[in-house]
$ cat target09.txt   # compact mmCIF, N, CA and C atoms
# COMPACT_ATOMS: atom_id res chain seq x y z
N MET A 1 0.85 -1.17 0.00
CA MET A 1 0.00 0.00 0.00
C MET A 1 0.89 1.23 0.00
N GLY A 2 0.59 2.21 -0.84
CA GLY A 2 1.40 3.42 -0.96
C GLY A 2 1.24 4.32 0.24
N LYS A 3 2.21 5.22 0.39
CA LYS A 3 2.22 6.16 1.52
C LYS A 3 0.96 7.03 1.53
N VAL A 4 0.54 7.50 0.34
CA VAL A 4 -0.66 8.34 0.25
C VAL A 4 -1.90 7.56 0.66
N SER A 5 -1.99 6.32 0.20
CA SER A 5 -3.14 5.49 0.54
C SER A 5 -3.19 5.20 2.04
N GLU A 6 -2.03 4.97 2.65
CA GLU A 6 -1.98 4.73 4.09
C GLU A 6 -2.45 5.96 4.86
N LYS A 7 -1.99 7.13 4.44
CA LYS A 7 -2.40 8.36 5.11
C LYS A 7 -3.90 8.57 4.96
N ARG A 8 -4.41 8.32 3.77
CA ARG A 8 -5.84 8.48 3.53
C ARG A 8 -6.62 7.54 4.43
N MET A 9 -6.13 6.31 4.58
CA MET A 9 -6.82 5.34 5.43
C MET A 9 -6.80 5.80 6.89
N VAL A 10 -5.67 6.32 7.34
CA VAL A 10 -5.57 6.80 8.72
C VAL A 10 -6.54 7.94 8.94
N TYR A 11 -6.59 8.90 8.00
CA TYR A 11 -7.52 10.03 8.14
C TYR A 11 -8.96 9.55 8.16
N CYS A 12 -9.26 8.56 7.33
CA CYS A 12 -10.62 8.01 7.32
C CYS A 12 -10.95 7.35 8.67
N LEU A 13 -10.00 6.61 9.21
CA LEU A 13 -10.22 5.96 10.51
C LEU A 13 -10.44 6.99 11.61
N VAL A 14 -9.65 8.04 11.59
CA VAL A 14 -9.82 9.09 12.59
C VAL A 14 -11.19 9.74 12.43
N ALA A 15 -11.59 10.01 11.19
CA ALA A 15 -12.91 10.61 10.95
C ALA A 15 -14.01 9.69 11.45
N ILE A 16 -13.85 8.41 11.24
CA ILE A 16 -14.85 7.44 11.72
C ILE A 16 -14.93 7.49 13.24
N PHE A 17 -13.78 7.54 13.91
CA PHE A 17 -13.78 7.60 15.37
C PHE A 17 -14.43 8.88 15.88
N VAL A 18 -14.20 9.97 15.19
CA VAL A 18 -14.83 11.23 15.60
C VAL A 18 -16.34 11.13 15.45
N VAL A 19 -16.80 10.55 14.35
CA VAL A 19 -18.24 10.38 14.15
C VAL A 19 -18.82 9.45 15.22
N ILE A 20 -18.12 8.37 15.50
CA ILE A 20 -18.57 7.44 16.54
C ILE A 20 -18.67 8.17 17.88
N ALA A 21 -17.69 8.99 18.17
CA ALA A 21 -17.70 9.74 19.43
C ALA A 21 -18.91 10.65 19.51
N MET A 22 -19.23 11.30 18.40
CA MET A 22 -20.38 12.20 18.40
C MET A 22 -21.68 11.42 18.55
N VAL A 23 -21.76 10.26 17.89
CA VAL A 23 -22.98 9.46 17.95
C VAL A 23 -23.12 8.78 19.30
N GLU A 24 -22.03 8.22 19.78
CA GLU A 24 -22.06 7.48 21.03
C GLU A 24 -22.16 8.39 22.26
N GLY A 25 -21.56 9.57 22.15
CA GLY A 25 -21.62 10.55 23.22
C GLY A 25 -21.36 9.96 24.58
N ALA A 26 -22.34 10.00 25.43
CA ALA A 26 -22.21 9.55 26.83
C ALA A 26 -22.06 8.04 26.96
N LYS A 27 -22.25 7.30 25.90
CA LYS A 27 -22.14 5.84 25.98
C LYS A 27 -20.71 5.38 26.19
N GLY A 28 -19.74 6.26 25.95
CA GLY A 28 -18.36 5.91 26.26
C GLY A 28 -17.58 5.26 25.14
N ALA A 29 -17.63 5.79 23.93
CA ALA A 29 -16.81 5.26 22.84
C ALA A 29 -15.34 5.44 23.21
N THR A 30 -14.52 4.50 22.80
CA THR A 30 -13.10 4.56 23.11
C THR A 30 -12.27 4.33 21.85
N ILE A 31 -11.05 4.80 21.90
CA ILE A 31 -10.05 4.50 20.87
C ILE A 31 -8.76 4.18 21.61
N CYS A 32 -8.23 3.02 21.33
CA CYS A 32 -6.95 2.59 21.93
C CYS A 32 -7.00 2.65 23.47
N ASN A 33 -8.09 2.23 24.04
CA ASN A 33 -8.34 2.20 25.49
C ASN A 33 -8.50 3.58 26.11
N ILE A 34 -8.74 4.59 25.30
CA ILE A 34 -8.95 5.94 25.81
C ILE A 34 -10.37 6.38 25.47
N PRO A 35 -11.17 6.71 26.47
CA PRO A 35 -12.51 7.22 26.17
C PRO A 35 -12.39 8.52 25.37
N LEU A 36 -13.05 8.57 24.23
CA LEU A 36 -12.96 9.75 23.38
C LEU A 36 -13.38 11.03 24.10
N SER A 37 -14.28 10.88 25.03
CA SER A 37 -14.75 12.05 25.77
C SER A 37 -13.67 12.63 26.68
N ARG A 38 -12.57 11.89 26.87
CA ARG A 38 -11.52 12.34 27.79
C ARG A 38 -10.21 12.72 27.09
N LEU A 39 -10.19 12.63 25.76
CA LEU A 39 -8.98 12.94 25.03
C LEU A 39 -8.47 14.35 25.29
N ASN A 40 -9.36 15.27 25.54
CA ASN A 40 -8.96 16.66 25.77
C ASN A 40 -8.15 16.85 27.05
N LEU A 41 -8.14 15.86 27.92
CA LEU A 41 -7.35 15.98 29.16
C LEU A 41 -5.86 16.14 28.86
N CYS A 42 -5.42 15.60 27.74
CA CYS A 42 -3.99 15.67 27.40
C CYS A 42 -3.69 16.71 26.32
N ARG A 43 -4.70 17.30 25.76
CA ARG A 43 -4.50 18.23 24.65
C ARG A 43 -3.51 19.36 24.96
N PRO A 44 -3.59 20.03 26.11
CA PRO A 44 -2.63 21.12 26.38
C PRO A 44 -1.17 20.65 26.35
N ALA A 45 -0.92 19.43 26.76
CA ALA A 45 0.45 18.91 26.86
C ALA A 45 1.04 18.49 25.51
N VAL A 46 0.23 18.47 24.46
CA VAL A 46 0.73 18.01 23.16
C VAL A 46 0.50 19.04 22.05
N THR A 47 0.03 20.22 22.40
CA THR A 47 -0.22 21.24 21.40
C THR A 47 0.49 22.54 21.77
N GLY A 48 0.62 23.40 20.81
CA GLY A 48 1.21 24.71 21.07
C GLY A 48 2.72 24.68 21.03
N ARG A 49 3.29 25.85 21.08
CA ARG A 49 4.74 25.98 20.99
C ARG A 49 5.46 25.56 22.26
N TYR A 50 4.92 25.95 23.41
CA TYR A 50 5.53 25.61 24.71
C TYR A 50 4.47 24.98 25.62
N PRO A 51 4.17 23.71 25.37
CA PRO A 51 3.10 23.08 26.15
C PRO A 51 3.50 22.86 27.62
N PRO A 52 2.50 22.92 28.50
CA PRO A 52 2.77 22.63 29.92
C PRO A 52 2.97 21.13 30.12
N PRO A 53 3.48 20.74 31.26
CA PRO A 53 3.59 19.30 31.55
C PRO A 53 2.20 18.68 31.63
N PRO A 54 2.11 17.37 31.40
CA PRO A 54 0.80 16.72 31.49
C PRO A 54 0.26 16.77 32.92
N THR A 55 -1.05 16.86 33.03
CA THR A 55 -1.70 16.87 34.34
C THR A 55 -1.79 15.44 34.87
N LYS A 56 -2.14 15.31 36.14
CA LYS A 56 -2.31 13.97 36.72
C LYS A 56 -3.42 13.21 36.00
N LYS A 57 -4.49 13.93 35.63
CA LYS A 57 -5.60 13.26 34.92
C LYS A 57 -5.15 12.77 33.55
N CYS A 58 -4.34 13.57 32.88
CA CYS A 58 -3.79 13.15 31.58
C CYS A 58 -2.93 11.90 31.77
N CYS A 59 -2.08 11.92 32.77
CA CYS A 59 -1.19 10.78 33.02
C CYS A 59 -1.97 9.50 33.33
N LEU A 60 -3.05 9.61 34.07
CA LEU A 60 -3.87 8.42 34.34
C LEU A 60 -4.45 7.87 33.05
N LEU A 61 -4.81 8.75 32.15
CA LEU A 61 -5.35 8.35 30.86
C LEU A 61 -4.28 7.63 30.04
N ILE A 62 -3.08 8.19 30.02
CA ILE A 62 -1.97 7.62 29.26
C ILE A 62 -1.56 6.25 29.82
N LYS A 63 -1.65 6.10 31.12
CA LYS A 63 -1.27 4.84 31.77
C LYS A 63 -2.05 3.66 31.20
N HIS A 64 -3.29 3.90 30.78
CA HIS A 64 -4.14 2.82 30.28
C HIS A 64 -4.24 2.77 28.76
N ALA A 65 -3.55 3.69 28.08
CA ALA A 65 -3.64 3.76 26.63
C ALA A 65 -2.90 2.60 25.98
N ASP A 66 -3.41 2.15 24.86
CA ASP A 66 -2.76 1.14 24.04
C ASP A 66 -1.87 1.89 23.05
N LEU A 67 -0.59 2.01 23.37
CA LEU A 67 0.33 2.81 22.57
C LEU A 67 0.59 2.21 21.19
N ASN A 68 0.54 0.88 21.09
CA ASN A 68 0.68 0.26 19.77
C ASN A 68 -0.48 0.68 18.86
N CYS A 69 -1.65 0.73 19.43
CA CYS A 69 -2.84 1.17 18.69
C CYS A 69 -2.70 2.65 18.32
N LEU A 70 -2.33 3.48 19.27
CA LEU A 70 -2.19 4.92 19.01
C LEU A 70 -1.14 5.20 17.95
N CYS A 71 -0.13 4.37 17.89
CA CYS A 71 0.94 4.56 16.91
C CYS A 71 0.39 4.51 15.49
N LYS A 72 -0.65 3.75 15.28
CA LYS A 72 -1.25 3.65 13.95
C LYS A 72 -1.84 4.98 13.49
N PHE A 73 -2.13 5.86 14.43
CA PHE A 73 -2.74 7.15 14.11
C PHE A 73 -1.73 8.30 14.11
N LYS A 74 -0.44 7.98 14.24
CA LYS A 74 0.59 9.00 14.36
C LYS A 74 0.54 10.02 13.23
N ASP A 75 0.38 9.57 12.00
CA ASP A 75 0.38 10.48 10.86
C ASP A 75 -0.84 11.38 10.80
N ALA A 76 -1.89 11.02 11.51
CA ALA A 76 -3.11 11.84 11.50
C ALA A 76 -3.10 12.91 12.60
N LEU A 77 -2.24 12.77 13.58
CA LEU A 77 -2.25 13.69 14.72
C LEU A 77 -2.04 15.15 14.35
N PRO A 78 -1.13 15.48 13.42
CA PRO A 78 -0.95 16.89 13.07
C PRO A 78 -2.22 17.56 12.54
N ALA A 79 -3.11 16.80 11.94
CA ALA A 79 -4.37 17.36 11.45
C ALA A 79 -5.22 17.90 12.60
N PHE A 80 -4.94 17.45 13.80
CA PHE A 80 -5.67 17.89 14.99
C PHE A 80 -4.79 18.80 15.86
N ASN A 81 -3.74 19.36 15.24
CA ASN A 81 -2.79 20.24 15.93
C ASN A 81 -2.11 19.55 17.10
N ILE A 82 -1.91 18.24 16.97
CA ILE A 82 -1.23 17.46 18.00
C ILE A 82 0.15 17.10 17.47
N ASN A 83 1.16 17.43 18.23
CA ASN A 83 2.53 17.12 17.85
C ASN A 83 2.79 15.65 18.23
N PRO A 84 3.01 14.78 17.22
CA PRO A 84 3.21 13.36 17.51
C PRO A 84 4.37 13.09 18.47
N SER A 85 5.47 13.82 18.33
CA SER A 85 6.61 13.60 19.23
C SER A 85 6.23 13.89 20.67
N ARG A 86 5.48 14.96 20.87
CA ARG A 86 5.03 15.29 22.23
C ARG A 86 4.03 14.27 22.75
N ALA A 87 3.16 13.80 21.87
CA ALA A 87 2.16 12.82 22.28
C ALA A 87 2.82 11.54 22.77
N PHE A 88 3.83 11.08 22.04
CA PHE A 88 4.48 9.83 22.43
C PHE A 88 5.56 10.03 23.49
N ALA A 89 5.79 11.26 23.89
CA ALA A 89 6.69 11.55 25.01
C ALA A 89 5.92 11.59 26.34
N LEU A 90 4.59 11.59 26.26
CA LEU A 90 3.78 11.67 27.48
C LEU A 90 4.07 10.56 28.49
N PRO A 91 4.20 9.30 28.07
CA PRO A 91 4.47 8.27 29.09
C PRO A 91 5.72 8.58 29.92
N LYS A 92 6.77 9.02 29.25
CA LYS A 92 8.01 9.35 29.98
C LYS A 92 7.79 10.55 30.89
N LYS A 93 7.09 11.57 30.39
CA LYS A 93 6.81 12.76 31.20
C LYS A 93 5.94 12.42 32.40
N CYS A 94 5.12 11.39 32.24
CA CYS A 94 4.26 10.95 33.34
C CYS A 94 4.97 9.94 34.24
N LYS A 95 6.23 9.67 33.92
CA LYS A 95 7.06 8.74 34.68
C LYS A 95 6.55 7.30 34.64
N TYR A 96 6.03 6.92 33.45
CA TYR A 96 5.60 5.55 33.22
C TYR A 96 6.60 4.89 32.28
N ASN A 97 6.96 3.68 32.58
CA ASN A 97 7.88 2.93 31.74
C ASN A 97 7.05 2.06 30.77
N LEU A 98 6.38 2.71 29.83
CA LEU A 98 5.54 2.01 28.88
C LEU A 98 6.28 1.82 27.57
N HIS A 99 6.04 0.69 26.92
CA HIS A 99 6.70 0.42 25.64
C HIS A 99 6.07 1.28 24.54
N ILE A 100 6.91 2.05 23.88
CA ILE A 100 6.46 2.85 22.74
C ILE A 100 7.06 2.21 21.50
N PRO A 101 6.22 1.89 20.51
CA PRO A 101 6.75 1.27 19.29
C PRO A 101 7.86 2.14 18.68
N PRO A 102 8.93 1.50 18.19
CA PRO A 102 10.07 2.27 17.64
C PRO A 102 9.67 3.31 16.61
N LYS A 103 8.71 3.00 15.74
CA LYS A 103 8.34 3.97 14.70
C LYS A 103 7.60 5.19 15.26
N CYS A 104 7.25 5.15 16.53
CA CYS A 104 6.56 6.28 17.14
C CYS A 104 7.42 7.04 18.13
N ARG A 105 8.65 6.67 18.26
CA ARG A 105 9.55 7.40 19.17
C ARG A 105 10.13 8.60 18.47
N GLY A 106 10.36 9.65 19.26
CA GLY A 106 11.02 10.85 18.76
C GLY A 106 10.39 11.35 17.56
$ encode --input "target09.txt" --output "structure tokens"
Amino acid sequence: MGKVSEKRMVYCLVAIFVVIAMVEGAKGATICNIPLSRLNLCRPAVTGRYPPPPTKKCCLLIKHADLNCLCKFKDALPAFNINPSRAFALPKKCKYNLHIPPKCRG
């Protein structure tokens, strides 16, 4: 599969998850073990030029995240103003020794 096709597929998957989140609302839709309704808890720590450290609530969310799953969405993160390097640095900033897939490091 070509690089463009892979990116298109990732964007489509993200769009599907966003639609699911809107439809499911309070029912608790999740992506990669993270409730979509709680994704904003980590948003400040992964956006902007000088983001603050992650909050305790963000760290609790990251502790339960499926990082292998999240890695599949790495190329789509910039579309949401999320810096992938910062996103995958959260476990370390939260002082968790979680395995991050090599293709998602740095």
$ axis_aligned_box --input "target09.txt" --around "range 33-44 of chain A" --padding-each-side "8 Å" --output "lines of an AutoDock Vina configuration file"
center_x = -8.0
center_y = 11.7
center_z = 26.3
size_x = 29.6
size_y = 34.9
size_z = 21.8
$ atom_distance --input "target09.txt" --atom1 "CA of Asn33 in chain A" --atom2 "CA of Cys94 in chain A"
17.2 Å
$ atom_distance --input "target09.txt" --atom1 "CA of Asn40 in chain A" --atom2 "CA of Pro54 in chain A"
11.3 Å
$ atom_distance --input "target09.txt" --atom1 "atom C of Thr30 in chain A" --atom2 "CA of Phe80 in chain A"
16.6 Å
$ closest_residue --input "target09.txt" --among "A:Arg49, A:Lys63, A:Lys56, A:Lys72" --to "Asn97 in chain A" --atoms "only C-alpha atoms"
A:Lys63
$ residues_around --input "target09.txt" --residues "Leu67 in chain A" --least-positions-apart "6" --cutoff "12 Å" --atoms "only C-alpha atoms" --output "CSV table (one decimal) with N, CA and C atoms, keeping the file's coordinate frame"
chain,number,residue,atom,x,y,z
A,31,ILE,N,-11.0,4.8,21.9
A,31,ILE,CA,-10.0,4.5,20.9
A,31,ILE,C,-8.8,4.2,21.6
A,32,CYS,N,-8.2,3.0,21.3
A,32,CYS,CA,-7.0,2.6,21.9
A,32,CYS,C,-7.0,2.6,23.5
A,33,ASN,N,-8.1,2.2,24.0
A,33,ASN,CA,-8.3,2.2,25.5
A,33,ASN,C,-8.5,3.6,26.1
A,34,ILE,N,-8.7,4.6,25.3
A,34,ILE,CA,-9.0,5.9,25.8
A,34,ILE,C,-10.4,6.4,25.5
A,61,LEU,N,-4.8,8.8,32.2
A,61,LEU,CA,-5.4,8.4,30.9
A,61,LEU,C,-4.3,7.6,30.0
A,73,PHE,N,-2.1,5.9,14.4
A,73,PHE,CA,-2.7,7.2,14.1
A,73,PHE,C,-1.7,8.3,14.1
A,74,LYS,N,-0.4,8.0,14.2
A,74,LYS,CA,0.6,9.0,14.4
A,74,LYS,C,0.5,10.0,13.2
A,87,ALA,N,3.2,13.8,21.9
A,87,ALA,CA,2.2,12.8,22.3
A,87,ALA,C,2.8,11.5,22.8
A,88,PHE,N,3.8,11.1,22.0
A,88,PHE,CA,4.5,9.8,22.4
A,88,PHE,C,5.6,10.0,23.5
A,89,ALA,N,5.8,11.3,23.9
A,89,ALA,CA,6.7,11.6,25.0
A,89,ALA,C,5.9,11.6,26.3
A,90,LEU,N,4.6,11.6,26.3
A,90,LEU,CA,3.8,11.7,27.5
A,90,LEU,C,4.1,10.6,28.5
A,91,PRO,N,4.2,9.3,28.1
A,91,PRO,CA,4.5,8.3,29.1
A,91,PRO,C,5.7,8.6,29.9
A,97,ASN,N,7.0,3.7,32.6
A,97,ASN,CA,7.9,2.9,31.7
A,97,ASN,C,7.0,2.1,30.8
A,98,LEU,N,6.4,2.7,29.8
A,98,LEU,CA,5.5,2.0,28.9
A,98,LEU,C,6.3,1.8,27.6
A,99,HIS,N,6.0,0.7,26.9
A,99,HIS,CA,6.7,0.4,25.6
A,99,HIS,C,6.1,1.3,24.5
A,100,ILE,N,6.9,2.0,23.9
A,100,ILE,CA,6.5,2.8,22.7
A,100,ILE,C,7.1,2.2,21.5
A,101,PRO,N,6.2,1.9,20.5
A,101,PRO,CA,6.8,1.3,19.3
A,101,PRO,C,7.9,2.1,18.7
A,102,PRO,N,8.9,1.5,18.2
A,102,PRO,CA,10.1,2.3,17.6
A,102,PRO,C,9.7,3.3,16.6
A,103,LYS,N,8.7,3.0,15.7
A,103,LYS,CA,8.3,4.0,14.7
A,103,LYS,C,7.6,5.2,15.3
A,104,CYS,N,7.2,5.2,16.5
A,104,CYS,CA,6.6,6.3,17.1
A,104,CYS,C,7.4,7.0,18.1
A,105,ARG,N,8.6,6.7,18.3
A,105,ARG,CA,9.6,7.4,19.2
A,105,ARG,C,10.1,8.6,18.5
$ closest_residue --input "target09.txt" --among "A:Ala29, A:Pro78, A:Pro84, A:Cys58" --to "Arg43 in chain A" --atoms "all atoms listed in the file"
A:Cys58
